[in-house]
$ cat input_38.cif   # mmCIF, C-alpha atoms
data_model
loop_
_atom_site.label_atom_id
_atom_site.label_comp_id
_atom_site.auth_asym_id
_atom_site.auth_seq_id
_atom_site.Cartn_x
_atom_site.Cartn_y
_atom_site.Cartn_z
CA MET A 1 -33.81 17.46 -14.96
CA ASP A 2 -34.90 15.92 -11.68
CA ILE A 3 -38.62 15.75 -11.10
CA GLY A 4 -40.09 14.83 -7.74
CA ILE A 5 -42.65 15.76 -5.17
CA LYS A 6 -41.51 18.29 -2.60
CA GLU A 7 -42.90 19.60 0.69
CA ASN A 8 -44.64 16.28 1.21
CA ILE A 9 -44.79 14.12 4.33
CA LEU A 10 -42.92 10.91 3.54
CA ALA A 11 -43.21 9.11 6.85
CA ILE A 12 -44.71 9.48 10.31
CA ILE A 13 -42.79 8.18 13.32
CA THR A 14 -44.91 8.10 16.42
CA LEU A 15 -45.12 6.86 20.00
CA ASN A 16 -48.90 7.11 19.91
CA LYS A 17 -50.51 3.91 18.60
CA ASN A 18 -53.77 5.70 17.79
CA VAL A 19 -52.26 7.74 14.95
CA SER A 20 -53.47 6.68 11.52
CA SER A 21 -52.78 7.94 8.03
CA ALA A 22 -54.13 7.29 4.58
CA THR A 23 -51.09 8.45 2.63
CA ALA A 24 -47.82 8.39 4.54
CA PRO A 25 -46.43 5.20 6.10
CA ILE A 26 -46.49 5.16 9.90
CA PHE A 27 -43.68 3.73 12.03
CA TYR A 28 -44.76 2.91 15.58
CA VAL A 29 -41.97 3.04 18.13
CA ASP A 30 -41.83 2.41 21.86
CA THR A 31 -39.27 4.86 23.20
CA LYS A 32 -38.09 8.43 22.48
CA GLU A 33 -34.62 7.12 21.64
CA GLU A 34 -36.00 4.63 19.16
CA GLN A 35 -38.08 7.44 17.63
CA GLU A 36 -34.99 9.63 17.08
CA GLU A 37 -33.06 6.71 15.65
CA THR A 38 -35.84 5.60 13.25
CA ALA A 39 -36.52 9.16 12.14
CA LEU A 40 -32.81 9.72 11.44
CA LEU A 41 -32.52 6.50 9.44
CA ILE A 42 -35.59 7.26 7.32
CA ALA A 43 -34.42 10.83 6.74
CA LYS A 44 -31.02 9.58 5.54
CA ILE A 45 -32.65 7.12 3.13
CA THR A 46 -35.13 9.59 1.67
CA LEU A 47 -32.86 12.70 1.88
CA GLY A 48 -35.71 14.25 3.81
CA MET A 49 -35.74 16.33 6.96
CA VAL A 50 -37.12 15.39 10.37
CA HIS A 51 -39.66 17.73 11.96
CA ASP A 52 -41.01 17.47 15.48
CA LEU A 53 -44.73 18.15 15.86
CA ARG A 54 -44.32 18.37 19.66
CA ASN A 55 -47.09 15.83 20.35
CA GLY A 56 -44.88 12.77 20.23
CA ILE A 57 -45.03 12.64 16.44
CA TYR A 58 -42.06 13.09 14.13
CA VAL A 59 -42.59 13.54 10.41
CA VAL A 60 -40.05 13.23 7.61
CA VAL A 61 -40.56 15.81 4.90
CA LYS A 62 -38.74 16.19 1.62
CA HIS A 63 -37.88 19.82 0.87
CA MET B 1 -7.44 50.08 -45.17
CA GLU B 2 -3.66 50.25 -44.45
CA ASN B 3 -4.06 53.89 -43.44
CA TYR B 4 -6.19 52.77 -40.56
CA LEU B 5 -3.98 49.94 -39.35
CA VAL B 6 -2.59 51.89 -36.39
CA SER B 7 -6.02 52.92 -35.11
CA ILE B 8 -7.38 49.39 -35.51
CA VAL B 9 -4.50 47.82 -33.60
CA VAL B 10 -4.59 50.37 -30.77
CA SER B 11 -8.38 50.05 -30.46
CA ILE B 12 -8.22 46.27 -30.27
CA VAL B 13 -5.52 46.50 -27.60
CA THR B 14 -7.53 48.90 -25.42
CA GLY B 15 -10.66 46.76 -25.91
CA VAL B 16 -8.94 43.57 -24.83
CA LEU B 17 -7.34 45.36 -21.88
CA ALA B 18 -10.82 46.52 -20.88
CA ARG B 19 -12.05 42.92 -20.90
CA ALA B 20 -9.06 41.74 -18.89
CA TYR B 21 -9.59 44.60 -16.43
CA MET B 22 -13.14 43.37 -15.75
CA MET B 23 -12.06 39.76 -15.42
CA LYS B 24 -11.77 38.90 -11.77
CA ILE B 25 -10.71 35.37 -10.95
CA ASP B 26 -11.58 35.34 -7.27
CA HIS B 27 -13.11 33.09 -4.64
CA ARG B 28 -16.23 32.68 -6.76
CA GLN B 29 -14.16 30.96 -9.42
CA TYR B 30 -16.38 32.45 -12.04
CA PRO B 31 -15.45 32.78 -14.88
CA SER B 32 -13.70 29.50 -14.36
CA TYR B 33 -10.00 29.14 -15.07
CA PRO B 34 -8.48 28.23 -17.55
CA GLN B 35 -11.21 27.30 -20.07
CA GLY B 36 -13.80 29.92 -19.17
CA PHE B 37 -11.07 32.54 -18.97
CA LEU B 38 -9.83 31.76 -22.47
CA SER B 39 -13.27 31.79 -24.06
CA HIS B 40 -14.09 35.15 -22.50
CA ILE B 41 -10.80 36.71 -23.57
CA THR B 42 -11.40 35.40 -27.10
CA LEU B 43 -14.89 36.88 -27.16
CA GLY B 44 -13.32 40.09 -25.89
CA VAL B 45 -10.91 40.11 -28.84
CA ILE B 46 -13.81 39.67 -31.27
CA ALA B 47 -15.84 42.42 -29.57
CA ALA B 48 -12.81 44.72 -29.63
CA SER B 49 -12.21 44.13 -33.33
CA LEU B 50 -15.84 44.93 -34.06
CA GLY B 51 -15.52 48.26 -32.29
CA ALA B 52 -12.15 48.92 -33.91
CA VAL B 53 -13.14 48.41 -37.55
CA ALA B 54 -16.46 50.26 -37.45
CA VAL B 55 -15.03 53.73 -38.12
CA PRO B 56 -12.53 52.67 -40.82
CA ALA B 57 -15.27 50.65 -42.55
CA LEU B 58 -17.51 53.71 -42.70
CA ALA B 59 -14.66 56.00 -43.72
CA THR B 60 -13.69 53.81 -46.67
CA LYS B 61 -17.38 53.60 -47.68
CA GLU B 62 -17.52 49.85 -47.03
CA PHE B 63 -21.18 49.88 -46.15
CA GLY B 64 -21.44 46.12 -46.64
CA ALA B 65 -18.91 45.69 -43.85
CA VAL B 66 -21.07 47.79 -41.53
CA THR B 67 -23.99 45.44 -42.11
CA PHE B 68 -21.80 42.55 -41.12
CA LEU B 69 -20.84 44.42 -37.97
CA ALA B 70 -24.49 44.65 -36.97
CA LEU B 71 -24.85 40.95 -37.65
CA ALA B 72 -21.83 40.13 -35.51
CA ALA B 73 -23.09 42.32 -32.68
CA GLN B 74 -26.15 40.10 -32.54
CA GLN B 75 -23.89 37.21 -31.55
CA PHE B 76 -23.08 38.89 -28.29
CA ARG B 77 -26.65 38.64 -27.19
CA ASP B 78 -25.98 34.91 -27.07
CA VAL B 79 -23.30 35.42 -24.44
CA ARG B 80 -26.00 35.90 -21.85
CA ASN B 81 -27.74 32.73 -22.96
CA MET B 82 -24.52 30.77 -22.92
CA GLU B 83 -23.63 31.87 -19.38
CA ARG B 84 -27.14 31.26 -18.12
CA GLN B 85 -27.25 27.77 -19.57
CA SER B 86 -23.90 26.75 -18.20
CA LEU B 87 -24.73 28.05 -14.70
CA ASP B 88 -28.17 26.43 -14.85
CA ASN B 89 -26.55 23.13 -15.75
CA ILE B 90 -24.24 23.11 -12.75
CA GLU B 91 -26.90 24.44 -10.37
CA PRO B 92 -28.12 20.97 -9.22
CA THR B 93 -24.56 20.13 -8.21
CA GLU B 94 -24.32 23.00 -5.71
CA LEU B 95 -24.98 22.16 -2.05
CA VAL B 96 -26.41 25.64 -1.58
CA PRO B 97 -27.81 26.77 -4.94
CA ARG B 98 -27.05 30.20 -6.37
CA GLY B 99 -30.67 30.76 -7.32
CA THR B 100 -32.00 31.87 -10.69
CA ALA B 101 -31.80 35.58 -9.85
CA TYR B 102 -28.08 35.38 -9.13
CA ILE B 103 -27.50 33.36 -12.31
CA GLU B 104 -29.41 35.93 -14.36
CA ASP B 105 -27.37 38.69 -12.78
CA ILE B 106 -24.06 36.99 -13.62
CA ALA B 107 -25.23 36.31 -17.19
CA LYS B 108 -26.23 39.94 -17.65
CA ALA B 109 -22.90 41.12 -16.28
CA PHE B 110 -21.02 39.03 -18.84
CA GLU B 111 -23.10 40.38 -21.70
CA ALA B 112 -22.62 43.96 -20.50
CA ARG B 113 -18.85 43.47 -20.29
CA ASN B 114 -18.68 42.57 -23.97
CA TYR B 115 -20.57 45.75 -24.83
CA MET B 116 -18.16 47.62 -22.60
CA VAL B 117 -15.28 46.25 -24.68
CA MET B 118 -17.02 47.34 -27.88
CA ILE B 119 -17.66 50.86 -26.58
CA THR B 120 -14.07 51.20 -25.35
CA SER B 121 -12.53 50.22 -28.67
CA LEU B 122 -15.09 52.23 -30.64
CA LEU B 123 -14.35 55.43 -28.70
CA THR B 124 -10.60 54.81 -28.98
CA SER B 125 -10.97 54.37 -32.73
CA ILE B 126 -13.15 57.48 -33.09
CA SER B 127 -10.72 59.67 -31.15
CA MET B 128 -7.74 58.45 -33.16
CA ASN B 129 -9.52 58.97 -36.46
CA ILE B 130 -10.55 62.50 -35.51
CA LEU B 131 -6.90 63.38 -34.91
CA LYS B 132 -6.01 61.64 -38.17
CA TYR B 133 -8.58 63.79 -39.95
CA PHE B 134 -6.81 66.89 -38.64
CA LYS B 135 -3.54 65.38 -39.93
CA LEU B 136 -1.82 65.11 -36.55
CA ASN B 137 1.11 62.70 -36.36
CA SER B 138 0.62 59.04 -35.45
CA GLN B 139 2.39 59.24 -32.07
CA LEU B 140 -0.10 61.87 -30.97
CA GLN B 141 -2.93 59.72 -32.32
CA ILE B 142 -1.78 56.68 -30.34
CA THR B 143 -1.39 58.71 -27.14
CA ALA B 144 -4.85 60.24 -27.53
CA GLY B 145 -6.34 56.81 -28.33
CA LEU B 146 -4.81 55.23 -25.24
CA ILE B 147 -5.95 58.10 -23.00
CA VAL B 148 -9.52 57.95 -24.31
CA GLY B 149 -9.51 54.13 -24.09
CA PHE B 150 -8.33 54.01 -20.49
CA THR B 151 -10.68 56.81 -19.40
CA THR B 152 -13.66 55.00 -20.97
CA MET B 153 -12.54 51.81 -19.25
CA MET B 154 -12.43 53.51 -15.83
CA ILE B 155 -15.77 55.23 -16.28
CA LEU B 156 -17.52 52.07 -17.48
CA LYS B 157 -15.97 50.00 -14.73
CA GLY B 158 -17.33 52.43 -12.14
CA PHE B 159 -20.66 52.39 -13.92
CA LEU B 160 -20.88 48.60 -13.97
CA THR B 161 -19.78 48.03 -10.37
CA ARG B 162 -22.65 46.65 -8.33
CA GLN B 163 -23.85 47.91 -5.00
CA LEU B 164 -22.99 45.81 -1.97
CA ILE B 165 -25.22 44.78 0.92
CA GLU B 166 -23.19 47.01 3.27
CA GLU B 167 -24.37 50.05 1.32
CA ILE B 168 -28.05 49.32 1.90
CA ALA B 169 -28.12 47.52 5.25
CA GLU B 170 -26.36 46.94 8.51
CA VAL B 171 -25.28 43.39 9.39
CA ARG B 172 -25.24 42.51 13.09
CA PRO B 173 -24.44 39.32 14.99
CA GLY B 174 -27.52 37.29 15.87
CA LYS B 175 -28.32 34.89 18.69
CA ILE B 176 -29.43 31.30 18.08
CA GLU B 177 -32.05 29.89 20.42
CA PHE B 178 -34.46 26.96 20.41
CA ASP B 179 -38.12 26.91 21.32
CA GLY B 180 -38.67 23.17 21.45
CA PRO B 181 -37.80 22.06 17.90
CA LEU B 182 -38.05 25.58 16.44
CA LEU B 183 -34.78 27.21 15.51
CA LYS B 184 -34.93 30.95 16.13
CA VAL B 185 -32.51 33.77 15.52
CA ASN B 186 -33.23 36.95 17.49
CA GLY B 187 -36.79 35.73 17.99
CA VAL B 188 -37.56 34.98 14.33
CA ILE B 189 -38.47 31.36 13.56
CA ILE B 190 -36.27 29.84 10.85
CA MET B 191 -37.25 26.16 10.76
CA ASN B 192 -38.38 23.13 12.64
CA ILE B 193 -35.51 20.79 13.46
CA GLY B 194 -36.74 17.48 14.80
CA LEU B 195 -33.50 15.69 15.59
CA LYS B 196 -31.88 16.42 18.95
CA ALA B 197 -28.42 15.72 17.53
CA SER B 198 -28.86 18.46 14.89
CA ARG B 199 -30.12 20.93 17.49
CA LYS B 200 -27.05 20.22 19.61
CA ILE B 201 -24.76 21.01 16.68
CA TYR B 202 -26.59 24.31 16.14
CA GLU B 203 -26.17 25.20 19.80
CA GLU B 204 -22.48 24.33 19.79
CA ARG B 205 -21.25 25.58 16.43
CA GLY B 206 -23.98 27.73 14.94
CA ILE B 207 -23.34 31.35 14.01
CA ALA B 208 -26.08 33.78 13.10
CA VAL B 209 -26.61 37.25 11.75
CA GLU B 210 -29.35 39.80 11.52
CA ILE B 211 -29.48 42.10 8.48
CA VAL B 212 -31.14 45.42 9.20
CA PRO B 213 -32.13 47.38 6.06
CA ASN B 214 -31.38 51.12 6.10
CA ASP B 215 -34.67 52.25 4.58
CA MET B 216 -37.85 51.13 2.85
CA ASN B 217 -36.10 50.65 -0.49
CA ALA B 218 -33.48 48.39 1.05
CA SER B 219 -36.18 46.46 2.87
CA ALA B 220 -38.02 45.75 -0.39
CA THR B 221 -34.79 44.71 -2.11
CA LEU B 222 -33.75 42.39 0.70
CA SER B 223 -37.15 40.72 0.87
CA ASN B 224 -36.61 39.36 -2.64
CA ILE B 225 -36.06 35.62 -2.57
CA GLY B 226 -33.36 35.76 -5.24
CA GLN B 227 -31.38 38.25 -3.17
CA ARG B 228 -31.73 36.01 -0.12
CA GLN B 229 -30.52 32.98 -2.06
CA ALA B 230 -27.49 34.97 -3.18
CA ILE B 231 -26.69 35.78 0.47
CA GLN B 232 -27.06 32.11 1.45
CA HIS B 233 -24.86 30.99 -1.41
CA GLN B 234 -22.12 33.51 -0.72
CA ALA B 235 -22.05 32.71 3.00
CA ALA B 236 -22.00 28.96 2.41
CA THR B 237 -19.30 28.99 -0.26
CA GLN B 238 -16.97 31.37 1.52
CA LEU B 239 -17.16 30.01 5.04
CA GLY B 240 -17.36 26.40 3.91
CA ILE B 241 -20.54 24.64 4.82
CA ARG B 242 -20.79 21.72 7.22
CA LYS B 243 -23.49 19.88 5.35
CA ASP B 244 -23.85 16.92 3.08
CA ILE B 245 -26.56 16.11 0.62
CA ASP B 246 -28.48 14.00 3.18
CA GLU B 247 -28.42 16.68 5.89
CA PRO B 248 -31.06 19.25 5.01
CA ASP B 249 -31.05 20.30 8.69
CA PHE B 250 -27.94 22.40 8.06
CA THR B 251 -29.11 24.25 4.98
CA PRO B 252 -28.65 27.97 5.65
CA LEU B 253 -31.96 29.77 5.30
CA VAL B 254 -32.50 33.51 5.27
CA ARG B 255 -35.83 34.33 6.88
CA ARG B 256 -37.61 37.66 7.16
CA ASN B 257 -39.08 39.22 10.24
CA PRO B 258 -42.53 40.22 8.93
CA HIS B 259 -42.88 43.01 11.51
CA ASN B 260 -39.86 45.10 10.56
CA GLY B 261 -38.37 43.57 7.40
CA ASN B 262 -35.12 42.47 9.04
CA LEU B 263 -33.50 39.31 7.71
CA VAL B 264 -31.98 36.61 9.87
CA MET B 265 -29.80 33.65 8.99
CA ALA B 266 -28.17 30.82 10.92
CA LEU B 267 -25.24 28.90 9.50
CA ILE B 268 -23.20 25.87 10.48
CA ALA B 269 -19.85 26.63 8.92
CA MET B 270 -16.74 24.50 8.68
CA HIS B 271 -14.92 27.27 10.53
CA PRO B 272 -17.43 29.17 12.66
CA ASP B 273 -16.23 32.77 12.52
CA GLN B 274 -18.84 35.39 13.32
CA ASP B 275 -16.84 38.37 12.06
CA LEU B 276 -15.99 36.64 8.80
CA LEU B 277 -19.67 35.84 8.20
CA ILE B 278 -20.61 39.50 8.71
CA GLU B 279 -17.84 40.57 6.34
CA VAL B 280 -18.93 38.09 3.67
CA ILE B 281 -22.55 39.26 3.82
CA ASN B 282 -21.44 42.90 3.72
CA LYS B 283 -19.59 42.17 0.49
CA THR B 284 -22.44 40.26 -1.19
CA PRO B 285 -23.59 42.12 -4.32
CA VAL B 286 -27.07 43.61 -4.48
CA LEU B 287 -28.56 41.88 -7.51
CA GLU B 288 -29.68 44.22 -10.24
CA THR B 289 -32.78 42.14 -10.92
CA CYS B 290 -33.82 42.24 -7.26
CA ARG B 291 -33.41 45.95 -6.66
CA ARG B 292 -36.64 47.75 -5.81
CA LYS B 293 -37.21 51.42 -5.04
CA PRO B 294 -40.79 51.76 -3.87
CA ARG B 295 -39.91 55.05 -2.17
CA GLU B 296 -39.13 56.67 -5.52
CA ALA B 297 -42.51 55.93 -7.05
CA ASN B 298 -43.71 59.49 -6.46
CA ILE B 299 -47.05 58.36 -5.17
CA LYS B 300 -48.42 60.84 -2.67
CA PRO B 301 -51.22 60.05 -0.26
CA SER B 302 -54.35 61.88 -1.39
#
$ encode --input "input_38.cif" --output "structure tokens"
Amino acid sequence: MDIGIKENILAIITLNKNVSSATAPIFYVDTKEEQEETALLIAKITLGMVHDLRNGIYVVVKH
Amino acid sequence: MENYLVSIVVSIVTGVLARAYMMKIDHRQYPSYPQGFLSHITLGVIAASLGAVAVPALATKEFGAVTFLALAAQQFRDVRNMERQSLDNIEPTELVPRGTAYIEDIAKAFEARNYMVMITSLLTSISMNILKYFKLNSQLQITAGLIVGFTTMMILKGFLTRQLIEEIAEVRPGKIEFDGPLLKVNGVIIMNIGLKASRKIYEERGIAVEIVPNDMNASATLSNIGQRQAIQHQAATQLGIRKDIDEPDFTPLVRRNPHNGNLVMALIAMHPDQDLLIEVINKTPVLETCRRKPREANIKPS
């Protein structure tokens, strides 16, 4: 049986350099396009899903 | 025992026919063909023989044999376990899982079908032996046995047929819209989709439905998560889902409108066909384990 943590933020992809986190890794990007691209790549690697928090922050969450 | 040979053979035949009658190899591919099919027919033969020899065993005062019958009947309780385990084992390999409620429902159905076989052959055997007791000829016995067997089969089949969604709710086309990253169907939020590319696919190829329950009972039944998973699974397997393991964005989710109990679902199918989706959901079984009837509780406001 597979055991893993679900509903957990795996990565934060942000345009805002002031964002900080104690648990999830943060990926700082410069443009919206780069943000989409990075988020997609991380989601594909982790089999997670990209969510948009509408404040310039994308998070990747495993469901 | 030779005196009972005719009744035993006829009872086994009606029992096995009853099992075959309930065996549908359809789009669900369950039971699977050919191995699953063979094992279920074999179990059917065993169940039929149990029902068939019960009356002769009692009539010839073979009480030891009757004890063995009870022992053998216990084995059929394992059928449910066997089905549940095998479906549980393949569950992680499904892109859209069946859900434990659906699995339990299938397992129960298979157990019940074996009992149906036993009842059919038992009643056939009883009817034939009653005629034998009144010394009627064997042709008459066989005819009576077959009539009783087929009638029992029909009645039990009707009894075991599950309700469908179309009997408890109305399925209507829904409209997909986006509020920023939020995917909505008819105003109900389904999920947050971050990637623009995924949102574009939803806008281009997405189809959606709204399921409106007919009454309070239906609303309670449809709110059950197991029932919703069954709807998702049926829709995804029959329309063909455009999703791979690394694309959770396209997982079909059934969400409930908390204000009125309506369900909504959006789906990215291989062949987007709105009418087909409505038809598939209409024909989804209402799971026995999920059925609720709060309206029949007889609780009156004081």
$ interface_residues --input "input_38.cif" --of "chain B" --to "chain A" --cutoff "6 Å" --atoms "only C-alpha atoms" --output "PDB file with C-alpha atoms, in the coordinates of the input"
ATOM      1  CA  ASN B 192     -38.380  23.130  12.640  1.00  0.00           C
ATOM      2  CA  ILE B 193     -35.510  20.790  13.460  1.00  0.00           C
ATOM      3  CA  GLY B 194     -36.740  17.480  14.800  1.00  0.00           C
ATOM      4  CA  ASP B 246     -28.480  14.000   3.180  1.00  0.00           C
ATOM      5  CA  PRO B 248     -31.060  19.250   5.010  1.00  0.00           C
TER       6      PRO B 248
END
$ atom_distance --input "input_38.cif" --atom1 "atom CA of B:Pro285" --atom2 "atom CA of B:Ala48"
27.6 Å
$ residues_around --input "input_38.cif" --residues "B:Val6" --least-positions-apart "3" --cutoff "12 Å" --atoms "all atoms listed in the file" --output "PyMOL selection string"
chain B and resi 1-3+9-13+52-53+56+124-125+128-129+132+137-143+145-146
$ resolve_selection --input "input_38.cif" --expression "the PyMOL selection byres ((chain B and resi 215) around 12)" --output "PDB file with C-alpha atoms, in the coordinates of the input"
ATOM      1  CA  GLU B 167     -24.370  50.050   1.320  1.00  0.00           C
ATOM      2  CA  ILE B 168     -28.050  49.320   1.900  1.00  0.00           C
ATOM      3  CA  ALA B 169     -28.120  47.520   5.250  1.00  0.00           C
ATOM      4  CA  GLU B 170     -26.360  46.940   8.510  1.00  0.00           C
ATOM      5  CA  VAL B 212     -31.140  45.420   9.200  1.00  0.00           C
ATOM      6  CA  PRO B 213     -32.130  47.380   6.060  1.00  0.00           C
ATOM      7  CA  ASN B 214     -31.380  51.120   6.100  1.00  0.00           C
ATOM      8  CA  MET B 216     -37.850  51.130   2.850  1.00  0.00           C
ATOM      9  CA  ASN B 217     -36.100  50.650  -0.490  1.00  0.00           C
ATOM     10  CA  ALA B 218     -33.480  48.390   1.050  1.00  0.00           C
ATOM     11  CA  SER B 219     -36.180  46.460   2.870  1.00  0.00           C
ATOM     12  CA  ALA B 220     -38.020  45.750  -0.390  1.00  0.00           C
ATOM     13  CA  THR B 221     -34.790  44.710  -2.110  1.00  0.00           C
ATOM     14  CA  LEU B 222     -33.750  42.390   0.700  1.00  0.00           C
ATOM     15  CA  ASN B 260     -39.860  45.100  10.560  1.00  0.00           C
ATOM     16  CA  GLY B 261     -38.370  43.570   7.400  1.00  0.00           C
ATOM     17  CA  ASN B 262     -35.120  42.470   9.040  1.00  0.00           C
ATOM     18  CA  ARG B 292     -36.640  47.750  -5.810  1.00  0.00           C
ATOM     19  CA  LYS B 293     -37.210  51.420  -5.040  1.00  0.00           C
ATOM     20  CA  PRO B 294     -40.790  51.760  -3.870  1.00  0.00           C
ATOM     21  CA  ARG B 295     -39.910  55.050  -2.170  1.00  0.00           C
ATOM     22  CA  GLU B 296     -39.130  56.670  -5.520  1.00  0.00           C
TER      23      GLU B 296
END
$ atom_distance --input "input_38.cif" --atom1 "atom CA of B:Ile8" --atom2 "atom CA of B:Ala20"
18.4 Å
$ closest_residue --input "input_38.cif" --among "B:Ala269, B:Val254, B:Ala236, B:Ala230" --to "B:Leu287" --atoms "all atoms listed in the file"
B:Ala230
$ atom_distance --input "input_38.cif" --atom1 "atom CA of A:Phe27" --atom2 "atom CA of A:Thr14"
6.3 Å
$ resolve_selection --input "input_38.cif" --expression "the PyMOL selection byres ((chain B and resi 286) around 8)" --output "PyMOL selection string"
chain B and resi 162-165+227+284-285+287-288+290-291
$ resolve_selection --input "input_38.cif" --expression "the PyMOL selection byres ((chain B and resi 69-74) around 9)" --output "mmCIF file with C-alpha atoms, in the coordinates of the input"
data_model
loop_
_atom_site.group_PDB
_atom_site.id
_atom_site.type_symbol
_atom_site.label_atom_id
_atom_site.label_comp_id
_atom_site.auth_asym_id
_atom_site.auth_seq_id
_atom_site.Cartn_x
_atom_site.Cartn_y
_atom_site.Cartn_z
ATOM 1 C CA ALA B 47 -15.840 42.420 -29.570
ATOM 2 C CA LEU B 50 -15.840 44.930 -34.060
ATOM 3 C CA GLY B 51 -15.520 48.260 -32.290
ATOM 4 C CA VAL B 53 -13.140 48.410 -37.550
ATOM 5 C CA ALA B 54 -16.460 50.260 -37.450
ATOM 6 C CA GLY B 64 -21.440 46.120 -46.640
ATOM 7 C CA ALA B 65 -18.910 45.690 -43.850
ATOM 8 C CA VAL B 66 -21.070 47.790 -41.530
ATOM 9 C CA THR B 67 -23.990 45.440 -42.110
ATOM 10 C CA PHE B 68 -21.800 42.550 -41.120
ATOM 11 C CA GLN B 75 -23.890 37.210 -31.550
ATOM 12 C CA PHE B 76 -23.080 38.890 -28.290
ATOM 13 C CA ARG B 77 -26.650 38.640 -27.190
ATOM 14 C CA ASP B 78 -25.980 34.910 -27.070
ATOM 15 C CA TYR B 115 -20.570 45.750 -24.830
#
$ residues_around --input "input_38.cif" --residues "stretch 171-185 of chain B" --least-positions-apart "4" --cutoff "8 Å" --atoms "only C-alpha atoms" --output "MDAnalysis selection string"
(chainID A and resid 51:52 54) or (chainID B and resid 166 189:194 199 202:203 206:212 264:266 274 278 281:282)
$ residues_around --input "input_38.cif" --residues "B:Met154" --least-positions-apart "5" --cutoff "12 Å" --atoms "only C-alpha atoms" --output "list of chain:residue names"
B:Thr14, B:Leu17, B:Ala18, B:Arg19, B:Tyr21, B:Met22, B:Met116, B:Val117, B:Thr120, B:Ile147, B:Val148, B:Gly149, B:Phe159, B:Leu160, B:Thr161
$ residues_around --input "input_38.cif" --residues "B:Ala109" --least-positions-apart "5" --cutoff "9 Å" --atoms "only C-alpha atoms" --output "VMD selection string"
chain B and resid 80 104 114 160
$ write_last_selection --input "input_38.cif" --atoms "C-alpha atoms" --output "PDB file, keeping the file's coordinate frame"
ATOM      1  CA  ARG B  80     -26.000  35.900 -21.850  1.00  0.00           C
ATOM      2  CA  GLU B 104     -29.410  35.930 -14.360  1.00  0.00           C
ATOM      3  CA  ASN B 114     -18.680  42.570 -23.970  1.00  0.00           C
ATOM      4  CA  LEU B 160     -20.880  48.600 -13.970  1.00  0.00           C
TER       5      LEU B 160
END
$ residues_around --input "input_38.cif" --residues "stretch 8-11 of chain A" --least-positions-apart "2" --cutoff "7 Å" --atoms "only C-alpha atoms" --output "VMD selection string"
chain A and resid 5 to 6 13 24 to 26 59 to 62
$ closest_residue --input "input_38.cif" --among "B:Gly99, B:Pro258, B:Pro31, B:Pro92" --to "B:Val188" --atoms "only C-alpha atoms"
B:Pro258
$ axis_aligned_box --input "input_38.cif" --around "stretch 100-107 of chain B" --padding-each-side "8 Å" --output "lines of an AutoDock Vina configuration file"
center_x = -28.0
center_y = 35.3
center_z = -13.2
size_x = 23.9
size_y = 22.8
size_z = 24.1
